[in-house]
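J.: Below is the file protein13.cif, which contains mmCIF, C-alpha atoms and all ligand atoms.
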data_target
loop_
_atom_site.label_atom_id
_atom_site.label_comp_id
_atom_site.auth_asym_id
_atom_site.auth_seq_id
_atom_site.Cartn_x
_atom_site.Cartn_y
_atom_site.Cartn_z
CA MET C 147 68.75 125.17 138.56
CA ALA C 148 70.41 125.54 135.16
CA ARG C 149 68.15 125.00 132.14
CA PRO C 150 68.41 121.31 131.15
CA SER C 151 70.35 120.54 127.99
CA LEU C 152 68.56 118.75 125.16
CA ALA C 153 71.80 118.30 123.21
CA ILE C 154 73.16 114.83 122.63
CA GLN C 155 76.08 113.34 120.73
CA ILE C 156 75.53 109.99 119.03
CA ASN C 157 78.13 107.56 117.66
CA GLY C 158 80.90 109.82 118.98
CA ARG C 159 80.37 112.28 116.13
CA ILE C 160 76.78 113.24 115.32
CA GLU C 161 75.89 116.35 117.35
CA PHE C 162 72.18 117.00 117.88
CA ASP C 163 71.18 120.34 119.38
CA ASN C 164 67.98 118.55 120.42
CA PRO C 165 66.91 114.90 120.11
CA PHE C 166 63.77 115.44 118.02
CA LEU C 167 64.04 114.19 114.44
CA LEU C 168 61.44 114.06 111.74
CA ALA C 169 61.06 110.39 110.81
CA SER C 170 61.35 109.18 107.25
CA GLY C 171 58.09 109.91 105.45
CA PRO C 172 56.11 112.85 104.06
CA PRO C 173 57.62 115.36 106.56
CA GLY C 174 61.06 115.02 104.93
CA THR C 175 60.02 114.61 101.35
CA ASN C 176 62.20 117.29 99.69
CA GLY C 177 64.94 119.82 100.43
CA LYS C 178 62.54 122.72 100.82
CA VAL C 179 60.44 121.21 103.61
CA ILE C 180 63.55 119.85 105.32
CA ALA C 181 65.02 123.37 105.39
CA LYS C 182 61.73 124.65 106.82
CA SER C 183 61.82 122.05 109.58
CA TYR C 184 65.38 123.02 110.53
CA ASP C 185 64.27 126.66 110.71
CA LEU C 186 61.45 125.65 113.05
CA GLY C 187 63.88 123.90 115.39
CA TRP C 188 63.93 120.17 114.64
CA GLY C 189 67.25 118.67 115.74
CA GLY C 190 67.51 116.51 112.64
CA VAL C 191 65.68 114.98 109.74
CA VAL C 192 65.64 111.45 108.36
CA ILE C 193 64.77 111.98 104.72
CA LYS C 194 61.98 110.12 102.94
CA THR C 195 63.54 106.80 101.87
CA ILE C 196 65.35 107.01 98.54
CA SER C 197 66.48 104.37 96.05
CA LEU C 198 68.55 104.42 92.86
CA GLU C 199 65.60 103.99 90.48
CA ALA C 200 62.75 106.29 91.46
CA ALA C 201 60.89 105.51 88.22
CA LYS C 202 60.01 102.08 89.63
CA VAL C 203 58.11 103.74 92.49
CA ILE C 204 54.48 104.50 91.65
CA ASN C 205 52.15 105.67 94.39
CA THR C 206 48.36 105.64 94.59
CA ALA C 207 45.91 108.30 95.72
CA PRO C 208 44.28 107.96 98.15
CA ARG C 209 46.87 106.16 100.22
CA TYR C 210 46.03 107.02 103.85
CA GLY C 211 43.33 105.91 106.27
CA LYS C 212 42.49 107.15 109.77
CA LEU C 213 41.19 105.46 112.89
CA ARG C 214 39.22 107.87 115.10
CA GLY C 215 38.26 107.66 118.77
CA ARG C 216 34.60 106.62 119.04
CA GLU C 217 33.56 109.64 121.08
CA SER C 218 36.27 112.26 120.68
CA GLY C 219 36.74 111.86 116.94
CA GLU C 220 40.47 112.36 117.50
CA VAL C 221 42.79 110.51 115.12
CA ILE C 222 44.35 107.77 117.21
CA GLY C 223 45.70 105.55 114.45
CA PHE C 224 46.84 106.11 110.89
CA GLU C 225 47.39 103.67 108.03
CA ASN C 226 49.37 104.34 104.88
CA ILE C 227 50.10 102.40 101.72
CA GLU C 228 52.67 104.93 100.58
CA LEU C 229 55.87 103.76 98.93
CA ILE C 230 59.36 105.28 99.22
CA SER C 231 60.29 108.51 97.43
CA ASP C 232 59.34 108.71 93.75
CA ARG C 233 61.65 111.71 93.20
CA PRO C 234 64.76 111.21 91.00
CA PHE C 235 67.92 110.06 92.79
CA GLU C 236 70.03 112.81 91.16
CA THR C 237 67.62 115.49 92.40
CA TRP C 238 67.95 114.11 95.90
CA LEU C 239 71.76 114.12 95.74
CA ASP C 240 71.67 117.76 94.76
CA GLU C 241 69.25 118.69 97.56
CA LEU C 242 71.26 116.79 100.18
CA ARG C 243 74.39 118.71 99.13
CA GLN C 244 72.54 122.03 99.38
CA LEU C 245 71.08 121.19 102.77
CA LYS C 246 74.49 120.35 104.22
CA LYS C 247 75.88 123.56 102.75
CA HIS C 248 73.19 125.79 104.25
CA TYR C 249 72.60 123.88 107.51
CA PRO C 250 76.00 122.39 108.37
CA LYS C 251 75.12 122.05 112.05
CA LYS C 252 71.74 120.38 111.59
CA VAL C 253 71.68 116.61 111.39
CA LEU C 254 70.76 115.05 108.06
CA ILE C 255 70.23 111.29 107.95
CA ALA C 256 69.72 109.60 104.58
CA SER C 257 67.18 106.81 104.61
CA VAL C 258 68.06 104.39 101.82
CA MET C 259 66.64 101.17 100.44
CA GLU C 260 67.74 98.94 97.61
CA GLU C 261 67.12 95.57 96.05
CA TYR C 262 68.90 92.48 97.33
CA ARG C 263 72.13 93.10 95.38
CA ARG C 264 75.50 93.98 96.89
CA GLU C 265 76.46 96.33 94.00
CA ALA C 266 73.22 98.29 94.34
CA TRP C 267 73.76 98.87 98.07
CA HIS C 268 77.39 99.80 97.44
CA GLU C 269 76.41 102.30 94.79
CA ILE C 270 73.67 104.03 96.76
CA VAL C 271 75.84 104.30 99.89
CA ARG C 272 78.87 105.61 97.99
CA ARG C 273 76.95 108.22 96.05
CA VAL C 274 74.83 109.45 98.96
CA GLN C 275 77.68 109.77 101.43
CA GLU C 276 79.56 112.01 98.98
CA THR C 277 76.88 114.67 99.60
CA GLY C 278 78.06 115.12 103.19
CA VAL C 279 75.06 113.63 105.04
CA ASP C 280 75.74 112.76 108.68
CA GLY C 281 74.55 109.18 108.65
CA PHE C 282 72.45 106.49 107.03
CA GLU C 283 69.25 104.84 108.11
CA LEU C 284 68.68 101.55 106.28
CA ASN C 285 65.01 101.03 105.58
CA LEU C 286 64.76 97.28 106.15
CA SER C 287 61.22 97.62 107.33
CA CYS C 288 58.61 99.10 104.96
CA PRO C 289 55.69 96.63 105.23
CA HIS C 290 53.86 97.19 101.93
CA GLY C 291 54.61 97.40 98.22
CA LEU C 292 58.36 97.06 98.46
CA PRO C 293 58.38 93.52 99.92
CA GLU C 294 56.90 92.49 96.57
CA ARG C 295 60.33 93.46 95.18
CA LYS C 296 62.04 91.66 98.11
CA MET C 297 62.85 95.02 99.68
CA GLY C 298 61.97 96.64 103.01
CA MET C 299 60.32 94.30 105.47
CA ALA C 300 61.12 91.27 103.29
CA MET C 301 64.75 91.87 104.31
CA GLY C 302 64.16 93.17 107.82
CA GLU C 303 62.14 90.20 109.04
CA ASN C 304 64.99 87.81 108.25
CA PRO C 305 68.03 88.21 110.54
CA ASP C 306 70.35 86.48 108.03
CA LEU C 307 69.40 88.93 105.27
CA VAL C 308 69.70 91.85 107.71
CA ALA C 309 73.23 90.75 108.59
CA GLU C 310 74.17 90.34 104.93
CA VAL C 311 72.80 93.70 103.76
CA CYS C 312 74.21 95.58 106.76
CA GLY C 313 77.56 93.93 106.06
CA TRP C 314 77.47 95.18 102.43
CA VAL C 315 76.67 98.69 103.59
CA LYS C 316 79.44 98.71 106.18
CA GLU C 317 81.94 97.68 103.48
CA VAL C 318 81.64 101.15 101.97
CA ALA C 319 80.02 103.44 104.57
CA ARG C 320 82.35 105.97 106.20
CA ILE C 321 79.60 107.52 108.35
CA PRO C 322 77.36 105.97 111.02
CA VAL C 323 74.72 103.51 109.86
CA TRP C 324 71.45 102.87 111.73
CA ALA C 325 69.28 99.91 110.77
CA LYS C 326 65.53 100.56 110.91
CA MET C 327 63.56 97.62 112.24
CA THR C 328 60.14 96.30 111.38
CA PRO C 329 57.80 95.63 114.31
CA ASN C 330 56.15 92.84 112.28
CA VAL C 331 58.24 90.04 113.78
CA SER C 332 57.91 87.94 116.92
CA HIS C 333 61.33 88.82 118.33
CA ILE C 334 62.63 92.22 117.22
CA VAL C 335 65.88 91.65 119.09
CA GLU C 336 66.96 89.01 116.57
CA PRO C 337 67.18 91.29 113.49
CA ALA C 338 68.41 94.18 115.67
CA ALA C 339 71.25 92.07 117.08
CA ALA C 340 72.08 90.80 113.58
CA ALA C 341 72.43 94.40 112.35
CA ILE C 342 74.71 95.37 115.23
CA LYS C 343 76.78 92.20 114.82
CA ALA C 344 77.24 93.08 111.15
CA GLY C 345 78.71 96.43 112.22
CA CYS C 346 75.78 98.84 112.25
CA ASP C 347 76.16 101.77 114.64
CA GLY C 348 72.59 102.14 115.83
CA ILE C 349 69.01 100.89 115.62
CA SER C 350 65.92 102.83 114.61
CA ALA C 351 62.55 101.42 115.60
CA ILE C 352 59.75 101.04 114.87
CA ASN C 353 58.53 101.22 111.31
CA THR C 354 54.79 100.79 110.77
CA ILE C 355 52.69 97.80 111.82
CA LEU C 356 51.01 95.78 109.08
CA SER C 357 47.32 96.57 109.29
CA VAL C 358 43.86 96.92 107.76
CA ILE C 359 42.42 100.23 108.96
CA GLY C 360 38.81 99.29 108.28
CA ILE C 361 36.01 98.63 105.85
CA ASP C 362 33.71 101.28 104.37
CA LEU C 363 30.33 99.96 105.54
CA ARG C 364 28.54 101.75 102.72
CA THR C 365 30.54 100.23 99.86
CA LEU C 366 31.81 97.16 101.75
CA ARG C 367 35.27 97.92 100.35
CA PRO C 368 38.38 97.94 102.56
CA LEU C 369 40.18 101.25 103.18
CA PRO C 370 42.04 103.10 101.81
CA THR C 371 40.14 102.14 98.66
CA VAL C 372 41.94 102.45 95.33
CA GLU C 373 39.67 101.63 92.37
CA GLY C 374 37.65 99.41 94.69
CA TYR C 375 40.59 97.49 96.13
CA THR C 376 43.30 97.89 98.75
CA VAL C 377 46.38 96.24 100.22
CA PRO C 378 47.29 95.90 103.92
CA GLY C 379 49.33 98.93 104.92
CA GLY C 380 51.47 100.37 107.69
CA TYR C 381 49.86 101.50 110.96
CA SER C 382 51.29 104.43 112.92
CA GLY C 383 50.27 107.22 115.28
CA GLN C 384 49.27 107.23 118.94
CA ALA C 385 47.74 103.77 118.86
CA VAL C 386 51.05 102.05 118.10
CA ARG C 387 52.99 103.71 120.95
CA PRO C 388 52.62 100.88 123.50
CA ILE C 389 53.92 98.39 120.95
CA ALA C 390 56.82 100.68 120.05
CA LEU C 391 57.69 101.21 123.71
CA ARG C 392 57.72 97.47 124.32
CA GLN C 393 60.00 96.82 121.36
CA ILE C 394 62.37 99.69 122.24
CA MET C 395 62.57 98.26 125.76
CA GLU C 396 63.43 94.81 124.42
CA ILE C 397 66.16 96.17 122.12
CA ALA C 398 67.63 98.39 124.86
CA ARG C 399 67.76 95.54 127.35
CA ALA C 400 69.31 93.13 124.85
CA LEU C 401 71.81 95.55 123.34
CA PRO C 402 72.98 97.87 126.12
CA GLY C 403 74.87 100.93 124.95
CA VAL C 404 73.65 100.71 121.34
CA PRO C 405 72.14 104.07 120.31
CA ILE C 406 68.45 103.67 119.59
CA SER C 407 66.37 106.17 117.66
CA GLY C 408 62.86 105.51 118.93
CA MET C 409 59.57 106.25 117.23
CA GLY C 410 55.96 105.17 116.97
CA GLY C 411 53.14 107.43 118.12
CA ILE C 412 55.18 110.28 119.60
CA GLU C 413 53.09 113.46 119.61
CA THR C 414 54.07 115.16 122.88
CA GLY C 415 57.13 115.73 125.06
CA ALA C 416 55.63 113.32 127.59
CA ASP C 417 55.41 110.62 124.90
CA ALA C 418 59.06 111.25 124.01
CA ALA C 419 60.20 111.12 127.65
CA GLN C 420 58.87 107.57 127.89
CA PHE C 421 60.99 106.49 124.92
CA PHE C 422 64.11 107.95 126.57
CA LEU C 423 63.28 106.25 129.86
CA LEU C 424 63.16 102.94 127.98
CA GLY C 425 66.53 103.43 126.31
CA ALA C 426 66.08 105.64 123.23
CA HIS C 427 68.85 108.19 122.63
CA THR C 428 66.93 110.23 120.05
CA VAL C 429 63.28 110.16 118.98
CA GLN C 430 61.53 110.53 115.65
CA VAL C 431 58.10 111.82 114.70
CA CYS C 432 56.21 111.17 111.46
CA THR C 433 52.43 110.89 111.90
CA GLY C 434 52.36 113.50 114.69
CA ALA C 435 53.91 116.06 112.36
CA MET C 436 51.58 115.05 109.51
CA LEU C 437 48.51 115.57 111.68
CA ARG C 438 49.63 118.56 113.75
CA GLY C 439 52.24 120.33 111.61
CA TYR C 440 55.99 120.93 111.71
CA GLU C 441 55.46 123.55 114.42
CA ILE C 442 54.85 120.95 117.15
CA VAL C 443 58.60 120.77 117.67
CA SER C 444 58.53 123.85 119.95
CA GLU C 445 55.94 122.18 122.17
CA LEU C 446 57.86 118.88 122.15
CA LYS C 447 61.06 120.57 123.29
CA ALA C 448 59.34 122.72 125.94
CA ASP C 449 57.44 119.72 127.37
CA LEU C 450 60.55 117.56 127.52
CA GLU C 451 62.48 120.36 129.21
CA LYS C 452 59.72 120.80 131.77
CA PHE C 453 59.74 117.09 132.50
CA MET C 454 63.50 117.25 133.02
CA VAL C 455 63.22 120.24 135.36
CA ASP C 456 60.48 118.51 137.40
CA HIS C 457 62.77 115.52 137.92
CA GLU C 458 65.94 117.56 138.28
CA PHE C 459 67.59 116.04 135.22
CA THR C 460 70.08 118.41 133.60
CA ASP C 461 71.26 116.17 130.77
CA LEU C 462 69.37 113.76 128.51
CA ARG C 463 71.80 110.96 129.30
CA GLN C 464 70.53 111.00 132.89
CA LEU C 465 67.12 109.74 131.83
CA ILE C 466 68.06 107.35 129.06
CA GLY C 467 67.15 103.84 130.17
CA LYS C 468 66.16 104.91 133.68
CA SER C 469 62.96 102.82 133.71
CA LEU C 470 64.51 99.72 132.14
CA GLY C 471 65.42 98.09 135.44
CA TYR C 472 61.77 97.78 136.45
CA PHE C 473 60.80 95.02 134.06
CA SER C 474 60.80 91.54 135.49
CA THR C 475 59.09 88.18 135.13
CA HIS C 476 55.51 87.57 136.16
CA ALA C 477 56.67 84.98 138.72
CA ASP C 478 58.90 87.65 140.25
CA LEU C 479 55.96 90.08 140.50
CA VAL C 480 53.94 87.44 142.34
CA GLN C 481 56.84 86.81 144.72
CA ARG C 482 57.31 90.53 145.36
CA GLN C 483 53.61 90.96 146.10
CA LYS C 484 53.63 88.01 148.51
CA GLN C 485 56.56 89.51 150.33
CA ALA C 486 54.98 92.97 150.45
CA LYS C 487 51.78 91.52 151.92
CA ALA C 488 53.73 89.61 154.56
CA GLU C 489 55.61 92.77 155.53
CA LYS C 490 52.35 94.70 155.76
CA ALA C 491 50.85 92.01 157.99
CA VAL C 492 53.83 92.25 160.31
CA ALA C 493 53.57 96.02 160.31
CA SER C 494 49.86 95.93 161.16
CA ASN C 495 50.57 93.83 164.28
CA ARG C 496 52.32 96.83 165.72
CA ASP C 497 50.34 99.06 168.13
CA ALA C 498 51.11 102.18 166.14
CA GLU C 499 49.42 100.61 163.09
CA THR C 500 46.50 99.15 165.08
CA TRP C 501 45.09 101.88 167.27
CA LYS C 502 43.85 104.74 165.16
CA GLY C 503 40.88 105.79 167.33
CA ALA C 504 38.01 103.46 166.30
CA ILE C 505 38.73 101.46 169.44
CA ALA C 506 35.67 99.20 169.47
CA LYS C 507 36.27 98.08 165.89
CA GLU C 508 39.99 97.73 166.51
CA THR C 509 39.38 95.62 169.59
CA GLU C 510 36.99 93.44 167.58
CA ALA C 511 39.58 92.97 164.86
CA LEU C 512 42.01 91.54 167.42
CA THR C 513 39.46 89.24 168.96
CA THR C 514 38.77 85.66 167.82
CA ASN C 515 35.40 85.02 169.45
C1 LIG C 601 52.68 108.26 105.22
C2 LIG C 601 53.89 107.59 105.78
C3 LIG C 601 55.00 107.34 104.98
C4 LIG C 601 56.14 106.72 105.49
N1 LIG C 601 57.23 106.52 104.69
C5 LIG C 601 58.35 105.96 105.21
C6 LIG C 601 59.53 105.83 104.41
O1 LIG C 601 59.60 106.24 103.26
N2 LIG C 601 60.60 105.23 104.99
C7 LIG C 601 60.60 104.79 106.28
O2 LIG C 601 61.62 104.27 106.76
N3 LIG C 601 59.50 104.93 107.06
C8 LIG C 601 58.39 105.51 106.56
N4 LIG C 601 57.30 105.67 107.37
C9 LIG C 601 57.32 105.17 108.76
C10 LIG C 601 57.68 106.26 109.77
O3 LIG C 601 58.99 106.75 109.53
C11 LIG C 601 57.63 105.72 111.22
O4 LIG C 601 58.53 104.64 111.34
C12 LIG C 601 56.24 105.22 111.62
O5 LIG C 601 55.23 105.95 110.99
C13 LIG C 601 56.02 105.30 113.14
O6 LIG C 601 56.17 106.61 113.65
P1 LIG C 601 54.92 107.66 113.83
O7 LIG C 601 53.89 106.97 114.66
O8 LIG C 601 55.54 108.87 114.47
O9 LIG C 601 54.43 107.94 112.46
C14 LIG C 601 56.15 106.31 106.86
C15 LIG C 601 55.05 106.57 107.67
C16 LIG C 601 53.93 107.22 107.18
C17 LIG C 601 52.76 107.49 108.09
#
Please lay out the structure from this file as structure tokens.
Ligand SMILES: Cc1cc2nc3c(=O)[nH]c(=O)nc-3n(C[C@H](O)[C@H](O)[C@H](O)COP(=O)(O)O)c2cc1C

T.:
Amino acid sequence: MARPSLAIQINGRIEFDNPFLLASGPPGTNGKVIAKSYDLGWGGVVIKTISLEAAKVINTAPRYGKLRGRESGEVIGFENIELISDRPFETWLDELRQLKKHYPKKVLIASVMEEYRREAWHEIVRRVQETGVDGFELNLSCPHGLPERKMGMAMGENPDLVAEVCGWVKEVARIPVWAKMTPNVSHIVEPAAAAIKAGCDGISAINTILSVIGIDLRTLRPLPTVEGYTVPGGYSGQAVRPIALRQIMEIARALPGVPISGMGGIETGADAAQFFLLGAHTVQVCTGAMLRGYEIVSELKADLEKFMVDHEFTDLRQLIGKSLGYFSTHADLVQRQKQAKAEKAVASNRDAETWKGAIAKETEALTTN
């Protein structure tokens, strides 16, 4: 059998040589590390979210917290209270231009975020798209810090604001626009549908889950502790994967055909395969790369390829959404089980099912007295 292809085209124009992207965050924090990740084989990079006024962004240290397995000690969950990029906008524009010049075939997605002002969104989109990036990801989903400025999740949790901001962006964007969703809502389909209705070309999901990673039982202070205090942050890593899978499934079922870039706890090719099976077209990795290094991309690609060979898939499109049809209602499950039991009972009345050799027992089972 021919080697399966990991290549995929999205929005009729973005060509990925493989579907593994670094998600917006520390892995794509400047031009140098983005170039390194392309060299190592990542199919694309979503840059750390940028805004027009980096001077307003002030981070703390520490700003991360880990949740470890009780016995293994393995990091299963990760919390951060990190803000968007604090690097100057002009520096970013320059680096984006350079990256497109040196890596024209690698996909570069600009993650952007602005305040609730039409002119600000117009300006950031106009200026960033001049650098030649392949697409935008709108960060409507950061759960901490930025909502205090009515940015990030403060926009993304409100479908009307999502529609309005996406509409502003689409007024000036000449390249595909993906809206990145917050998982911190009851019905993720509502903001996702609002973004698509407003003209967005794809959905990215999920951003981090609002969380408190724990309390230091020595000091009694919550983590990560900054001068004795903290703020709830964003939870990511392996532990969030089931929630991400559920929300990807809901978006894919509600918005068939819309390209989804799925993320949340992907650390292996097997993790990624599950996102494709539930409707993702590309996948992104943030925490996995932070904990295990940029190099994991080779393993991710090899594992996904192996999975495809085992199932005789030759093209990614053959697995996208393949498991979506197997979600139903609980009442339907009960009905199916009832029917299966009835069929089994009928089957066991047949001689071939009855007489297996333990004849005394089998005779007893057919006897009423
Ligand atoms: C330290 C850290 C910083 C992040 N910064 C951003 C950001 O600037 N913009 C953004 O859209 N998402 C950001 N994210 C969220 C990730 O892109 C991703 O949505 C989330 O972490 C789930 O994926 P993962 O489990 O692979 O990390 C950040 C995540 C982490 C852990």

J.: Closest to Leu168 of chain C among C:Ile389, C:Val429, C:Ser469, C:Asn285, using all atoms listed in the file?

T.: C:Val429

J.: Within 6 Å of ligand LIG 601 (chain C), counting all atoms listed in the file: which residues, as a PDB file with C-alpha atoms, in the frame of the given file?

T.:
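Output file part.pdb is given in full below:
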ATOM      1  CA  ALA C 169      61.060 110.390 110.810  1.00  0.00           C
ATOM      2  CA  SER C 170      61.350 109.180 107.250  1.00  0.00           C
ATOM      3  CA  GLY C 171      58.090 109.910 105.450  1.00  0.00           C
ATOM      4  CA  PRO C 172      56.110 112.850 104.060  1.00  0.00           C
ATOM      5  CA  LYS C 194      61.980 110.120 102.940  1.00  0.00           C
ATOM      6  CA  THR C 195      63.540 106.800 101.870  1.00  0.00           C
ATOM      7  CA  ASN C 226      49.370 104.340 104.880  1.00  0.00           C
ATOM      8  CA  GLU C 228      52.670 104.930 100.580  1.00  0.00           C
ATOM      9  CA  ILE C 230      59.360 105.280  99.220  1.00  0.00           C
ATOM     10  CA  ASN C 285      65.010 101.030 105.580  1.00  0.00           C
ATOM     11  CA  ILE C 352      59.750 101.040 114.870  1.00  0.00           C
ATOM     12  CA  ASN C 353      58.530 101.220 111.310  1.00  0.00           C
ATOM     13  CA  THR C 354      54.790 100.790 110.770  1.00  0.00           C
ATOM     14  CA  SER C 382      51.290 104.430 112.920  1.00  0.00           C
ATOM     15  CA  GLY C 383      50.270 107.220 115.280  1.00  0.00           C
ATOM     16  CA  MET C 409      59.570 106.250 117.230  1.00  0.00           C
ATOM     17  CA  GLY C 410      55.960 105.170 116.970  1.00  0.00           C
ATOM     18  CA  GLY C 411      53.140 107.430 118.120  1.00  0.00           C
ATOM     19  CA  ILE C 412      55.180 110.280 119.600  1.00  0.00           C
ATOM     20  CA  VAL C 431      58.100 111.820 114.700  1.00  0.00           C
ATOM     21  CA  CYS C 432      56.210 111.170 111.460  1.00  0.00           C
ATOM     22  CA  THR C 433      52.430 110.890 111.900  1.00  0.00           C
ATOM     23  CA  GLY C 434      52.360 113.500 114.690  1.00  0.00           C
TER      24      GLY C 434
END

J.: Just want the 7 Å neighbourhood of segment 323-339 of chain C, counted on all atoms listed in the file, with same-chain residues fewer than 3 positions away dropped. Output as a ChimeraX atom specification.

T.: /C:281-287,299,302-305,308,342-343,346-356,393,396-397,400

J.: Determine the nearest neighbour of Arg295 of chain C from the options C:Glu220, C:Ala498, C:Glu260, C:Thr513, counting only C-alpha atoms.

T.: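 Between C:Glu220, C:Ala498, C:Glu260, C:Thr513, the residue approaching Arg295 of chain C most closely is C:Glu260.
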
J.: Hey, which bits of segment 393-480 of chain C sit within 10 Å of segment 187-191 of chain C, and for each residue what's the closest pair of atoms and how far apart in Å (one decimal), counting only C-alpha atoms, rows by chain and increasing number, as a tab-separated table?

T.:
residue	atom	partner	partner_atom	distance
C:Thr428	CA	C:Gly189	CA	9.5
C:Val429	CA	C:Gly190	CA	9.9
C:Gln430	CA	C:Val191	CA	8.5
C:Val431	CA	C:Val191	CA	9.6
C:Tyr440	CA	C:Trp188	CA	8.5
C:Glu441	CA	C:Gly187	CA	8.5
C:Ile442	CA	C:Trp188	CA	9.5
C:Val443	CA	C:Trp188	CA	6.2
C:Ser444	CA	C:Gly187	CA	7.0
C:Leu446	CA	C:Trp188	CA	9.7
C:Lys447	CA	C:Gly187	CA	9.0

J.: Identify, on the basis of all atoms listed in the file, every residue whose closest approach to Glu310 of chain C does not exceed 9 Å; exclude the query and any residue fewer than 2 positions from it along the same chain; express the result as a count of residues only.

T.: 12

J.: How many Å lie between atom CA of Gly291 of chain C and atom CA of Asp362 of chain C, rounded to one decimal?

T.: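 Separation of atom CA of Gly291 of chain C and atom CA of Asp362 of chain C: 22.1 Å.
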
J.: Just the number, please: distance in Å from atom CA of Ala435 of chain C to atom CA of Gln420 of chain C, one decimal.

T.: 18.4 Å

J.: One decimal, Å: what's the distance from atom CA of Pro250 of chain C over to atom CA of Val279 of chain C, could you say?

T.: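 Taking atom CA of Pro250 of chain C as the start and atom CA of Val279 of chain C as the end point, the length is 9.4 Å.
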
J.: Using all atoms listed in the file and a cutoff of 12 Å, can you tell me which residues are near (41.5, 107.9, 113.7) in the file's coordinates, and write them out as a list of chain:residue names?

T.: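 With a cut-off of 12 Å, the residues come to C:Tyr210, C:Gly211, C:Lys212, C:Leu213, C:Arg214, C:Gly215, C:Arg216, C:Glu217, C:Ser218, C:Gly219, C:Glu220, C:Val221, C:Ile222, C:Gly223, C:Phe224, C:Glu225, C:Ile359, C:Gly360, C:Tyr381, C:Ser382, C:Gly383, C:Gln384, C:Ala385, C:Thr433, C:Leu437.
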
J.: When distances are computed from all atoms listed in the file, which of C:Ala153, C:Ala419, C:Val271, C:Leu424 shows the smallest separation from Thr460 of chain C?

T.: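 Looking at the shortest contact to Thr460 of chain C, the residue is C:Ala153.
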
J.: Using all atoms of segment 352-365 of chain C listed in the file and a margin of 3 Å per side, can you give the axis-aligned box centre and edge lengths in Å to one decimal, as lines of an AutoDock Vina configuration file?

T.:
center_x = 44.1
center_y = 98.8
center_z = 107.4
size_x = 37.2
size_y = 12.0
size_z = 21.0

J.: Rank nothing, just name the residue among C:Gly278, C:Arg399, C:Ser474, C:Asn164 nearest to Gln244 of chain C, using only C-alpha atoms.

T.: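 That would be C:Gly278, the residue with the smallest distance to Gln244 of chain C.
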